[in-house]
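target.txt follows; it contains compact mmCIF, C-alpha atoms.
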```txt
# COMPACT_ATOMS: atom_id res chain seq x y z
CA MET A 28 -59.49 -25.92 -45.06
CA VAL A 29 -56.89 -28.53 -45.81
CA GLU A 30 -55.66 -26.41 -48.67
CA HIS A 31 -55.52 -23.47 -46.34
CA LEU A 32 -53.40 -25.42 -43.93
CA ALA A 33 -51.07 -26.48 -46.71
CA ASP A 34 -50.67 -22.83 -47.74
CA ASP A 35 -49.83 -21.96 -44.16
CA ARG A 36 -47.14 -24.56 -44.04
CA ILE A 37 -45.56 -23.37 -47.25
CA MET A 38 -45.36 -19.94 -45.71
CA GLN A 39 -43.75 -21.34 -42.57
CA ASP A 40 -41.50 -24.11 -43.65
CA GLY A 41 -41.09 -24.01 -47.39
CA PRO A 42 -42.43 -26.36 -50.02
CA ALA A 43 -40.75 -29.45 -48.65
CA ALA A 44 -42.98 -29.49 -45.60
CA ALA A 45 -46.13 -28.90 -47.55
CA GLY A 46 -46.75 -32.60 -47.97
CA GLY A 47 -45.54 -33.32 -44.44
CA LYS A 48 -44.23 -36.63 -45.71
CA PRO A 49 -43.84 -39.29 -43.06
CA GLY A 50 -40.96 -41.73 -42.65
CA TRP A 51 -37.75 -41.76 -44.62
CA ARG A 52 -39.05 -39.65 -47.52
CA GLY A 53 -39.95 -36.96 -45.01
CA PHE A 54 -36.54 -37.29 -43.37
CA VAL A 55 -34.77 -36.64 -46.66
CA ALA A 56 -37.19 -33.85 -47.60
CA ASP A 57 -36.69 -32.13 -44.22
CA TRP A 58 -32.91 -32.12 -44.46
CA ALA A 59 -32.95 -31.14 -48.15
CA SER A 60 -35.40 -28.27 -47.68
CA ASP A 61 -32.67 -25.60 -47.44
CA GLN A 62 -34.56 -24.00 -44.57
CA SER A 63 -35.30 -25.05 -41.02
CA SER A 64 -34.93 -28.83 -40.86
CA PHE A 65 -37.02 -29.48 -37.78
CA LYS A 66 -40.50 -29.01 -39.18
CA GLY A 67 -43.19 -28.28 -36.68
CA VAL A 68 -40.68 -27.88 -33.85
CA SER A 69 -40.29 -24.44 -32.33
CA TRP A 70 -36.77 -23.03 -32.00
CA GLY A 71 -37.01 -23.16 -28.22
CA LYS A 72 -37.73 -26.86 -28.20
CA ALA A 73 -35.11 -27.64 -30.86
CA MET A 74 -32.47 -25.69 -28.95
CA MET A 75 -33.34 -27.44 -25.69
CA TRP A 76 -32.86 -30.78 -27.45
CA VAL A 77 -29.50 -29.64 -28.84
CA PHE A 78 -28.45 -28.47 -25.38
CA LEU A 79 -29.48 -31.82 -23.91
CA LEU A 80 -27.45 -33.57 -26.60
CA SER A 81 -24.36 -31.58 -25.60
CA ASP A 82 -25.08 -32.36 -21.95
CA THR A 83 -25.30 -36.04 -22.86
CA PHE A 84 -21.73 -35.81 -24.07
CA VAL A 85 -20.62 -34.08 -20.86
CA PHE A 86 -22.10 -36.81 -18.68
CA GLY A 87 -20.94 -39.44 -21.18
CA CYS A 88 -17.37 -38.22 -20.74
CA PHE A 89 -17.69 -38.33 -16.94
CA LEU A 90 -18.97 -41.88 -17.02
CA VAL A 91 -16.27 -42.96 -19.48
CA ALA A 92 -13.64 -41.37 -17.21
CA TYR A 93 -15.11 -43.29 -14.29
CA MET A 94 -15.02 -46.52 -16.28
CA THR A 95 -11.40 -45.93 -17.25
CA ALA A 96 -10.36 -45.23 -13.65
CA ARG A 97 -12.19 -48.28 -12.35
CA MET A 98 -10.92 -50.63 -15.04
CA SER A 99 -7.28 -49.58 -14.85
CA THR A 100 -6.72 -49.51 -11.10
CA VAL A 101 -4.93 -52.42 -9.44
CA VAL A 102 -6.46 -51.55 -6.05
CA PRO A 103 -9.92 -53.09 -5.49
CA TRP A 104 -12.87 -50.72 -6.03
CA PRO A 105 -14.95 -50.02 -2.89
CA ASN A 106 -18.21 -52.00 -2.94
CA PRO A 107 -20.95 -49.39 -3.48
CA SER A 108 -23.54 -51.74 -2.02
CA GLU A 109 -21.75 -51.53 1.35
CA VAL A 110 -20.51 -47.95 1.09
CA PHE A 111 -24.01 -46.61 0.54
CA ALA A 112 -25.74 -48.88 3.05
CA LEU A 113 -27.72 -47.31 5.90
CA GLU A 114 -28.43 -48.66 9.37
CA ILE A 115 -32.19 -48.94 9.79
CA ALA A 116 -33.51 -50.44 13.03
CA GLY A 117 -30.21 -52.10 13.74
CA THR A 118 -29.82 -53.85 10.39
CA SER A 119 -27.77 -52.50 7.52
CA VAL A 120 -29.87 -52.14 4.35
CA PRO A 121 -27.74 -51.92 1.19
CA LEU A 122 -28.09 -48.86 -1.04
CA ILE A 123 -31.38 -47.84 0.60
CA LEU A 124 -30.85 -44.07 0.46
CA ILE A 125 -29.95 -44.27 -3.23
CA ALA A 126 -33.08 -46.33 -3.89
CA ILE A 127 -35.24 -43.72 -2.13
CA MET A 128 -33.52 -40.93 -4.11
CA THR A 129 -34.25 -42.83 -7.32
CA PHE A 130 -37.93 -43.17 -6.43
CA VAL A 131 -38.16 -39.49 -5.49
CA LEU A 132 -36.65 -38.43 -8.81
CA ILE A 133 -38.94 -40.75 -10.80
CA SER A 134 -41.95 -39.39 -8.91
CA SER A 135 -40.86 -35.88 -9.86
CA SER A 136 -40.61 -36.96 -13.49
CA GLY A 137 -44.18 -38.22 -13.32
CA THR A 138 -45.51 -34.98 -11.82
CA MET A 139 -43.61 -33.02 -14.47
CA ALA A 140 -45.12 -35.07 -17.30
CA LEU A 141 -48.59 -34.38 -15.89
CA ALA A 142 -47.74 -30.67 -15.52
CA VAL A 143 -46.92 -30.53 -19.25
CA HIS A 144 -50.19 -32.33 -19.99
CA TYR A 145 -52.32 -29.90 -17.95
CA GLY A 146 -50.35 -26.95 -19.31
CA TYR A 147 -51.46 -27.81 -22.82
CA LEU A 148 -55.04 -28.23 -21.56
CA ARG A 149 -54.73 -24.63 -20.25
CA ASP A 150 -55.44 -25.81 -16.72
CA ARG A 151 -52.99 -23.46 -15.10
CA ARG A 152 -53.83 -24.28 -11.49
CA LYS A 153 -53.14 -27.99 -11.94
CA ALA A 154 -50.07 -27.35 -14.12
CA GLY A 155 -48.64 -24.86 -11.63
CA MET A 156 -49.26 -27.01 -8.58
CA LEU A 157 -47.75 -30.07 -10.29
CA MET A 158 -44.67 -28.02 -11.16
CA LEU A 159 -44.38 -26.93 -7.53
CA ALA A 160 -44.66 -30.59 -6.51
CA THR A 161 -41.89 -31.41 -9.00
CA ALA A 162 -39.70 -28.66 -7.55
CA PHE A 163 -40.38 -29.93 -4.03
CA LEU A 164 -39.39 -33.50 -4.95
CA GLY A 165 -36.28 -32.16 -6.70
CA ALA A 166 -35.35 -30.21 -3.57
CA CYS A 167 -35.84 -33.40 -1.50
CA PHE A 168 -33.48 -35.19 -3.85
CA VAL A 169 -30.79 -32.52 -3.46
CA GLY A 170 -31.31 -32.61 0.31
CA MET A 171 -30.76 -36.36 0.44
CA GLN A 172 -27.70 -35.97 -1.74
CA ALA A 173 -26.30 -33.40 0.70
CA PHE A 174 -26.96 -35.89 3.53
CA GLU A 175 -25.16 -38.62 1.58
CA TRP A 176 -22.15 -36.38 0.89
CA THR A 177 -21.97 -35.36 4.56
CA LYS A 178 -22.08 -38.99 5.66
CA LEU A 179 -19.33 -40.05 3.25
CA ILE A 180 -17.12 -37.07 4.12
CA HIS A 181 -17.46 -37.94 7.83
CA GLU A 182 -16.44 -41.50 6.98
CA GLY A 183 -13.28 -40.15 5.40
CA VAL A 184 -14.05 -40.16 1.67
CA ARG A 185 -11.99 -37.50 -0.10
CA PRO A 186 -11.33 -36.83 -3.79
CA TRP A 187 -7.81 -38.19 -3.23
CA GLY A 188 -8.60 -41.25 -1.14
CA ASN A 189 -10.94 -43.26 1.05
CA PRO A 190 -10.69 -45.96 3.72
CA TRP A 191 -11.92 -48.83 1.54
CA GLY A 192 -9.92 -49.04 -1.65
CA ALA A 193 -9.15 -47.31 -4.93
CA ALA A 194 -8.47 -43.60 -4.43
CA GLN A 195 -10.33 -42.64 -7.62
CA PHE A 196 -13.63 -43.65 -6.01
CA GLY A 197 -13.96 -40.32 -4.21
CA SER A 198 -13.02 -38.11 -7.12
CA THR A 199 -15.39 -39.78 -9.58
CA PHE A 200 -18.17 -39.92 -7.00
CA PHE A 201 -17.99 -36.23 -6.10
CA MET A 202 -17.56 -35.18 -9.73
CA ILE A 203 -20.46 -37.18 -11.18
CA THR A 204 -23.03 -36.82 -8.41
CA GLY A 205 -21.98 -33.21 -7.83
CA PHE A 206 -22.53 -32.29 -11.45
CA HIS A 207 -25.85 -34.09 -11.49
CA GLY A 208 -26.94 -32.45 -8.23
CA THR A 209 -26.10 -29.06 -9.72
CA HIS A 210 -28.34 -29.84 -12.67
CA VAL A 211 -31.18 -30.77 -10.31
CA THR A 212 -30.66 -27.57 -8.32
CA PHE A 213 -30.87 -25.37 -11.40
CA GLY A 214 -33.91 -27.34 -12.53
CA VAL A 215 -35.63 -26.60 -9.21
CA ILE A 216 -34.87 -22.86 -9.56
CA PHE A 217 -36.25 -22.72 -13.11
CA LEU A 218 -39.28 -24.79 -12.10
CA LEU A 219 -40.12 -22.29 -9.35
CA ILE A 220 -39.78 -19.35 -11.75
CA LEU A 221 -41.94 -21.02 -14.38
CA ALA A 222 -44.53 -22.26 -11.87
CA ARG A 223 -44.96 -18.65 -10.68
CA LYS A 224 -45.52 -17.51 -14.26
CA VAL A 225 -48.05 -20.27 -14.92
CA LEU A 226 -49.97 -19.72 -11.68
CA ARG A 227 -50.07 -15.94 -12.22
CA GLY A 228 -51.53 -16.55 -15.67
CA ASP A 229 -48.73 -14.87 -17.60
CA PHE A 230 -49.35 -17.07 -20.62
CA GLU A 231 -53.01 -16.00 -20.77
CA THR A 232 -52.48 -12.30 -20.20
CA GLY A 233 -49.45 -12.13 -22.46
CA ARG A 234 -47.34 -10.55 -19.74
CA ARG A 235 -43.76 -10.07 -20.90
CA GLY A 236 -40.88 -11.86 -19.21
CA PHE A 237 -38.60 -9.73 -17.01
CA PHE A 238 -35.46 -10.99 -18.75
CA THR A 239 -36.38 -11.48 -22.40
CA SER A 240 -39.31 -9.02 -22.62
CA ARG A 241 -41.08 -11.62 -24.74
CA ARG A 242 -44.49 -13.17 -24.25
CA GLY A 243 -44.35 -16.77 -23.10
CA GLN A 244 -46.50 -19.73 -24.05
CA TYR A 245 -47.41 -23.03 -22.51
CA GLU A 246 -44.75 -24.69 -24.63
CA SER A 247 -42.26 -23.36 -22.06
CA VAL A 248 -43.68 -25.93 -19.68
CA GLU A 249 -42.88 -28.72 -22.13
CA ILE A 250 -39.37 -27.37 -22.70
CA MET A 251 -38.86 -27.22 -18.94
CA GLY A 252 -40.16 -30.79 -18.84
CA LEU A 253 -37.56 -31.89 -21.40
CA TYR A 254 -34.79 -30.58 -19.15
CA TRP A 255 -36.26 -32.18 -16.04
CA HIS A 256 -36.76 -35.58 -17.68
CA PHE A 257 -33.19 -35.41 -18.93
CA VAL A 258 -31.96 -34.93 -15.36
CA ASP A 259 -33.94 -38.02 -14.40
CA LEU A 260 -32.51 -39.84 -17.41
CA VAL A 261 -28.93 -39.06 -16.38
CA TRP A 262 -29.70 -40.40 -12.91
CA VAL A 263 -30.90 -43.67 -14.48
CA PHE A 264 -27.43 -44.08 -15.99
CA ILE A 265 -25.56 -42.97 -12.86
CA PHE A 266 -27.68 -45.34 -10.73
CA ALA A 267 -26.88 -48.24 -13.04
CA PHE A 268 -23.19 -47.63 -13.65
CA PHE A 269 -21.99 -46.04 -10.44
CA TYR A 270 -24.18 -47.47 -7.71
CA LEU A 271 -25.24 -50.89 -9.00
CA TRP A 272 -22.26 -52.01 -11.09
CA MET B 5 -59.67 -22.46 -36.95
CA THR B 6 -56.68 -22.89 -39.23
CA ASP B 7 -54.50 -21.45 -36.53
CA ALA B 8 -55.86 -23.89 -33.99
CA THR B 9 -55.24 -26.93 -36.20
CA ALA B 10 -51.77 -25.75 -37.06
CA HIS B 11 -51.06 -25.39 -33.36
CA ALA B 12 -52.38 -28.83 -32.52
CA ASP B 13 -49.70 -30.12 -34.86
CA THR B 14 -46.85 -29.02 -32.61
CA GLN B 15 -48.56 -29.75 -29.31
CA GLN B 16 -48.74 -33.01 -27.48
CA HIS B 17 -52.10 -34.35 -26.38
CA HIS B 18 -52.06 -37.77 -24.86
CA PRO B 19 -54.35 -39.35 -22.29
CA VAL B 20 -53.32 -39.06 -18.64
CA LYS B 21 -53.62 -42.83 -18.39
CA LEU B 22 -50.59 -43.23 -20.68
CA TYR B 23 -48.42 -41.09 -18.39
CA LEU B 24 -49.62 -42.93 -15.30
CA THR B 25 -48.91 -46.31 -16.90
CA VAL B 26 -45.37 -45.26 -17.82
CA TRP B 27 -44.90 -43.86 -14.34
CA VAL B 28 -45.90 -47.16 -12.74
CA TRP B 29 -43.56 -49.04 -15.09
CA LEU B 30 -40.68 -46.75 -14.15
CA PHE B 31 -41.30 -47.59 -10.49
CA ILE B 32 -41.44 -51.31 -11.24
CA LEU B 33 -38.23 -51.23 -13.28
CA SER B 34 -36.43 -49.19 -10.60
CA ALA B 35 -37.53 -51.67 -7.97
CA CYS B 36 -36.28 -54.50 -10.18
CA SER B 37 -32.83 -52.95 -10.58
CA TYR B 38 -32.67 -52.28 -6.84
CA PHE B 39 -33.51 -55.91 -6.13
CA VAL B 40 -30.66 -57.02 -8.38
CA ASP B 41 -28.39 -55.43 -5.78
CA TYR B 42 -30.47 -56.43 -2.75
CA VAL B 43 -30.55 -60.11 -3.69
CA GLY B 44 -26.88 -59.91 -4.59
CA VAL B 45 -26.88 -61.34 -8.11
CA GLN B 46 -23.29 -61.34 -9.37
CA GLY B 47 -21.32 -61.62 -12.59
CA LEU B 48 -22.65 -61.52 -16.12
CA LEU B 49 -26.29 -61.93 -15.05
CA ARG B 50 -26.01 -58.86 -12.78
CA TRP B 51 -24.53 -56.67 -15.50
CA SER B 52 -27.00 -57.73 -18.17
CA LEU B 53 -29.97 -57.21 -15.80
CA ILE B 54 -28.71 -53.75 -14.77
CA ILE B 55 -28.26 -52.70 -18.40
CA LEU B 56 -31.61 -54.17 -19.45
CA PHE B 57 -33.55 -52.28 -16.76
CA MET B 58 -31.53 -49.13 -17.42
CA LEU B 59 -32.26 -49.16 -21.16
CA LEU B 60 -35.96 -49.89 -20.62
CA LYS B 61 -36.25 -46.96 -18.19
CA ALA B 62 -34.31 -44.62 -20.46
CA GLY B 63 -36.42 -45.67 -23.44
CA LEU B 64 -39.70 -45.02 -21.61
CA ILE B 65 -38.56 -41.60 -20.39
CA VAL B 66 -37.31 -40.45 -23.78
CA ALA B 67 -40.14 -41.91 -25.85
CA ILE B 68 -43.17 -41.06 -23.71
CA PHE B 69 -42.26 -38.41 -21.12
CA MET B 70 -40.08 -36.44 -23.55
CA HIS B 71 -42.54 -37.11 -26.41
CA MET B 72 -39.81 -38.35 -28.72
CA ALA B 73 -42.10 -41.10 -30.05
CA TRP B 74 -44.31 -38.48 -31.68
CA GLU B 75 -41.58 -36.30 -33.19
CA ARG B 76 -40.54 -36.39 -36.83
CA LEU B 77 -37.72 -38.74 -37.84
CA THR B 78 -35.50 -35.72 -38.57
CA LEU B 79 -35.40 -34.67 -34.92
CA ILE B 80 -35.25 -38.22 -33.61
CA TYR B 81 -32.15 -39.08 -35.62
CA ALA B 82 -30.48 -35.71 -35.03
CA ILE B 83 -30.72 -36.21 -31.27
CA LEU B 84 -30.54 -39.97 -30.74
CA LEU B 85 -27.81 -41.01 -33.19
CA PRO B 86 -24.90 -38.78 -32.01
CA PRO B 87 -24.81 -40.24 -28.47
CA LEU B 88 -23.98 -43.62 -30.04
CA LEU B 89 -20.52 -42.14 -30.70
CA ILE B 90 -19.95 -42.42 -26.96
CA LEU B 91 -19.90 -46.20 -27.48
CA VAL B 92 -16.92 -45.77 -29.80
CA PHE B 93 -15.24 -43.71 -27.09
CA VAL B 94 -16.04 -46.45 -24.58
CA ALA B 95 -14.45 -49.09 -26.84
CA ILE B 96 -11.29 -46.97 -27.21
CA MET B 97 -11.02 -46.38 -23.46
CA VAL B 98 -11.60 -50.07 -22.65
CA ALA B 99 -8.55 -50.92 -24.76
CA GLU B 100 -6.59 -48.10 -23.13
CA SER B 101 -7.56 -49.15 -19.58
CA ASN B 102 -6.58 -52.74 -20.23
CA TYR B 103 -3.18 -51.55 -21.41
CA THR B 104 -2.76 -49.26 -18.37
CA LEU B 105 -3.75 -52.10 -16.05
CA LEU B 106 -1.28 -54.43 -17.75
CA THR B 107 1.63 -52.00 -17.36
CA ARG B 108 0.68 -51.29 -13.75
CA VAL B 109 0.53 -54.99 -12.89
CA MET B 110 3.85 -55.68 -14.63
CA ASN B 111 5.81 -52.73 -13.22
CA PHE B 112 4.29 -51.45 -9.99
CA ALA B 113 1.91 -53.85 -8.35
CA SER B 114 4.14 -56.84 -7.72
CA GLY B 115 4.57 -56.00 -4.02
CA THR B 116 0.97 -55.25 -3.04
```
Would you encode the structure as structure tokens?
Amino acid sequence: MVEHLADDRIMQDGPAAAGGKPGWRGFVADWASDQSSFKGVSWGKAMMWVFLLSDTFVFGCFLVAYMTARMSTVVPWPNPSEVFALEIAGTSVPLILIAIMTFVLISSSGTMALAVHYGYLRDRRKAGMLMLATAFLGACFVGMQAFEWTKLIHEGVRPWGNPWGAAQFGSTFFMITGFHGTHVTFGVIFLLILARKVLRGDFETGRRGFFTSRRGQYESVEIMGLYWHFVDLVWVFIFAFFYLW
Amino acid sequence: MTDATAHADTQQHHPVKLYLTVWVWLFILSACSYFVDYVGVQGLLRWSLIILFMLLKAGLIVAIFMHMAWERLTLIYAILLPPLLILVFVAIMVAESNYTLLTRVMNFASGT
């Protein structure tokens, strides 16, 4: 049977993968194989990773732009701890809404990870419901972000100025959180579409997708998960650099 | 049978307990970074704590939730090495911002 498997792999990935060498030897063999380099990774997953890499650069550029604006201004930067404070029961709690948003997004990451797990176990009810829970938490996050934007706009924050200090605060804030919020929104939409497919049993019945006319598999859930975890990952960096710094 | 084993190769099977443990750790680390702000730690200690918690969280998400820990080195390096170039960009822009700040202070900001 092992031989059989090896034959299979030669058919799929060329001789270099036949041994499936681990570590550095495998690394060199994979890149030198003159065929697909990412052995054992489907094109969908590899392309999602490449997309996420490009998105990393987009958000990286935003954060570098923010750093440059903040470092080069002679006007003091507004203190995020005070700007994002909320009045709760008469006392002002610093950054509380952002903390809740962070916890909501991390919770959604957890439910997504479990959805991927149950997807591979072919437990479509659990996988589907966990994806719906993820979408719900994502929608909560976007809702809280809309609340935060509304509050700041009422307080006079604009892309060209604000009452507390450096004018660039508004432009970087709206740009970075807006772009991130858009990512979350699209994630929620795709989660709902995929949850419907999973719950309907499309991956068991081999029903073809309405857009691609191809049969899906449970790996789609993992690829969706990669995107969703990335959105959470970006928030980790925004939380650290924009809100806490 | 062969098909099933070949499939298991590309799929990720890990105990639920692992995901739950990572989940709890993400909550703990988030709470820690929030408390850095709540307590009001300032200066170098604040920045190093923020970055420490941030990197730990990012590492857990990428390694466990995104299954990067179980991928082949080829994919790991193709995806994780290029973002390091952003650090070069950061270094360039730090130098540039310092220069901009210097010229602003010398030429425009004397009155304010």
Within-12 Å shell of (-41.3, -49.4, -12.6) in input frame, all atoms listed in the file, as a PyMOL selection string: (chain A and resi 129-130+133-134+137) or (chain B and resi 24-38+57-58+60-62+64-65)
What does the file look like for those residues with C-alpha atoms, as a PDB file, in the coordinates of the input?
```
ATOM      1  CA  THR A 129     -34.250 -42.830  -7.320  1.00  0.00           C
ATOM      2  CA  PHE A 130     -37.930 -43.170  -6.430  1.00  0.00           C
ATOM      3  CA  ILE A 133     -38.940 -40.750 -10.800  1.00  0.00           C
ATOM      4  CA  SER A 134     -41.950 -39.390  -8.910  1.00  0.00           C
ATOM      5  CA  GLY A 137     -44.180 -38.220 -13.320  1.00  0.00           C
TER       6      GLY A 137
ATOM      7  CA  LEU B  24     -49.620 -42.930 -15.300  1.00  0.00           C
ATOM      8  CA  THR B  25     -48.910 -46.310 -16.900  1.00  0.00           C
ATOM      9  CA  VAL B  26     -45.370 -45.260 -17.820  1.00  0.00           C
ATOM     10  CA  TRP B  27     -44.900 -43.860 -14.340  1.00  0.00           C
ATOM     11  CA  VAL B  28     -45.900 -47.160 -12.740  1.00  0.00           C
ATOM     12  CA  TRP B  29     -43.560 -49.040 -15.090  1.00  0.00           C
ATOM     13  CA  LEU B  30     -40.680 -46.750 -14.150  1.00  0.00           C
ATOM     14  CA  PHE B  31     -41.300 -47.590 -10.490  1.00  0.00           C
ATOM     15  CA  ILE B  32     -41.440 -51.310 -11.240  1.00  0.00           C
ATOM     16  CA  LEU B  33     -38.230 -51.230 -13.280  1.00  0.00           C
ATOM     17  CA  SER B  34     -36.430 -49.190 -10.600  1.00  0.00           C
ATOM     18  CA  ALA B  35     -37.530 -51.670  -7.970  1.00  0.00           C
ATOM     19  CA  CYS B  36     -36.280 -54.500 -10.180  1.00  0.00           C
ATOM     20  CA  SER B  37     -32.830 -52.950 -10.580  1.00  0.00           C
ATOM     21  CA  TYR B  38     -32.670 -52.280  -6.840  1.00  0.00           C
ATOM     22  CA  PHE B  57     -33.550 -52.280 -16.760  1.00  0.00           C
ATOM     23  CA  MET B  58     -31.530 -49.130 -17.420  1.00  0.00           C
ATOM     24  CA  LEU B  60     -35.960 -49.890 -20.620  1.00  0.00           C
ATOM     25  CA  LYS B  61     -36.250 -46.960 -18.190  1.00  0.00           C
ATOM     26  CA  ALA B  62     -34.310 -44.620 -20.460  1.00  0.00           C
ATOM     27  CA  LEU B  64     -39.700 -45.020 -21.610  1.00  0.00           C
ATOM     28  CA  ILE B  65     -38.560 -41.600 -20.390  1.00  0.00           C
TER      29      ILE B  65
END
```
Residues of chain A within 6 Å of chain B, counting all atoms listed in the file - could you list those as an MDAnalysis selection string? chainID A and resid 54 67 95 98:99 137 140 253 260
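What separates CA of Pro103 in chain A from CA of Trp191 in chain A is a distance of 8.5 Å.
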May I have the centre and edge lengths, in Å to one decimal, of an axis-aligned box around the listed atoms of range 152-163 of chain A with 5 Å added to every side, as AutoDock Vina command-line options?
```
--center_x -46.8 --center_y -27.8 --center_z -9.1 --size_x 24.1 --size_y 17.1 --size_z 20.1
```
If you measure from CA of Ile216 in chain A to CA of Ala162 in chain A, what distance in Å do you get, rounded to one decimal? 7.8 Å
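Excluding Val261 in chain A and any residue on its chain fewer than 2 positions from it, the residues at most 9 Å away by all atoms listed in the file are Thr83, Phe86, His207, His256, Phe257, Val258, Asp259, Val263, Phe264, Ile265 and Phe266 of chain A; Ala62 of chain B.
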Those same residues, written as a PDB file, in the coordinates of the input with C-alpha atoms?
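Dumped everything to again07.pdb:
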```pdb
ATOM      1  CA  THR A  83     -25.300 -36.040 -22.860  1.00  0.00           C
ATOM      2  CA  PHE A  86     -22.100 -36.810 -18.680  1.00  0.00           C
ATOM      3  CA  HIS A 207     -25.850 -34.090 -11.490  1.00  0.00           C
ATOM      4  CA  HIS A 256     -36.760 -35.580 -17.680  1.00  0.00           C
ATOM      5  CA  PHE A 257     -33.190 -35.410 -18.930  1.00  0.00           C
ATOM      6  CA  VAL A 258     -31.960 -34.930 -15.360  1.00  0.00           C
ATOM      7  CA  ASP A 259     -33.940 -38.020 -14.400  1.00  0.00           C
ATOM      8  CA  VAL A 263     -30.900 -43.670 -14.480  1.00  0.00           C
ATOM      9  CA  PHE A 264     -27.430 -44.080 -15.990  1.00  0.00           C
ATOM     10  CA  ILE A 265     -25.560 -42.970 -12.860  1.00  0.00           C
ATOM     11  CA  PHE A 266     -27.680 -45.340 -10.730  1.00  0.00           C
TER      12      PHE A 266
ATOM     13  CA  ALA B  62     -34.310 -44.620 -20.460  1.00  0.00           C
TER      14      ALA B  62
END
```
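Reported to one decimal place, the separation of CA of Val225 in chain A from CA of Lys153 in chain A is 9.7 Å.
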Residues within 7 Å of range 121-127 of chain A, all atoms listed in the file, excluding chain neighbours under 4 positions, as a PyMOL selection string: (chain A and resi 108-109+111-113+131) or (chain B and resi 38+42)
Quick one: everything within 9 Å of range 200-203 of chain A, counting all atoms listed in the file, minus sequence neighbours fewer than 2 positions away in the same chain. Send it as a list in words. Phe86, Phe89, Leu90, Tyr93, Trp176, Arg185, Pro186, Gln195, Phe196, Gly197, Ser198, Gly205, Phe206, His207, Gly208, Ile265 and Phe269 of chain A
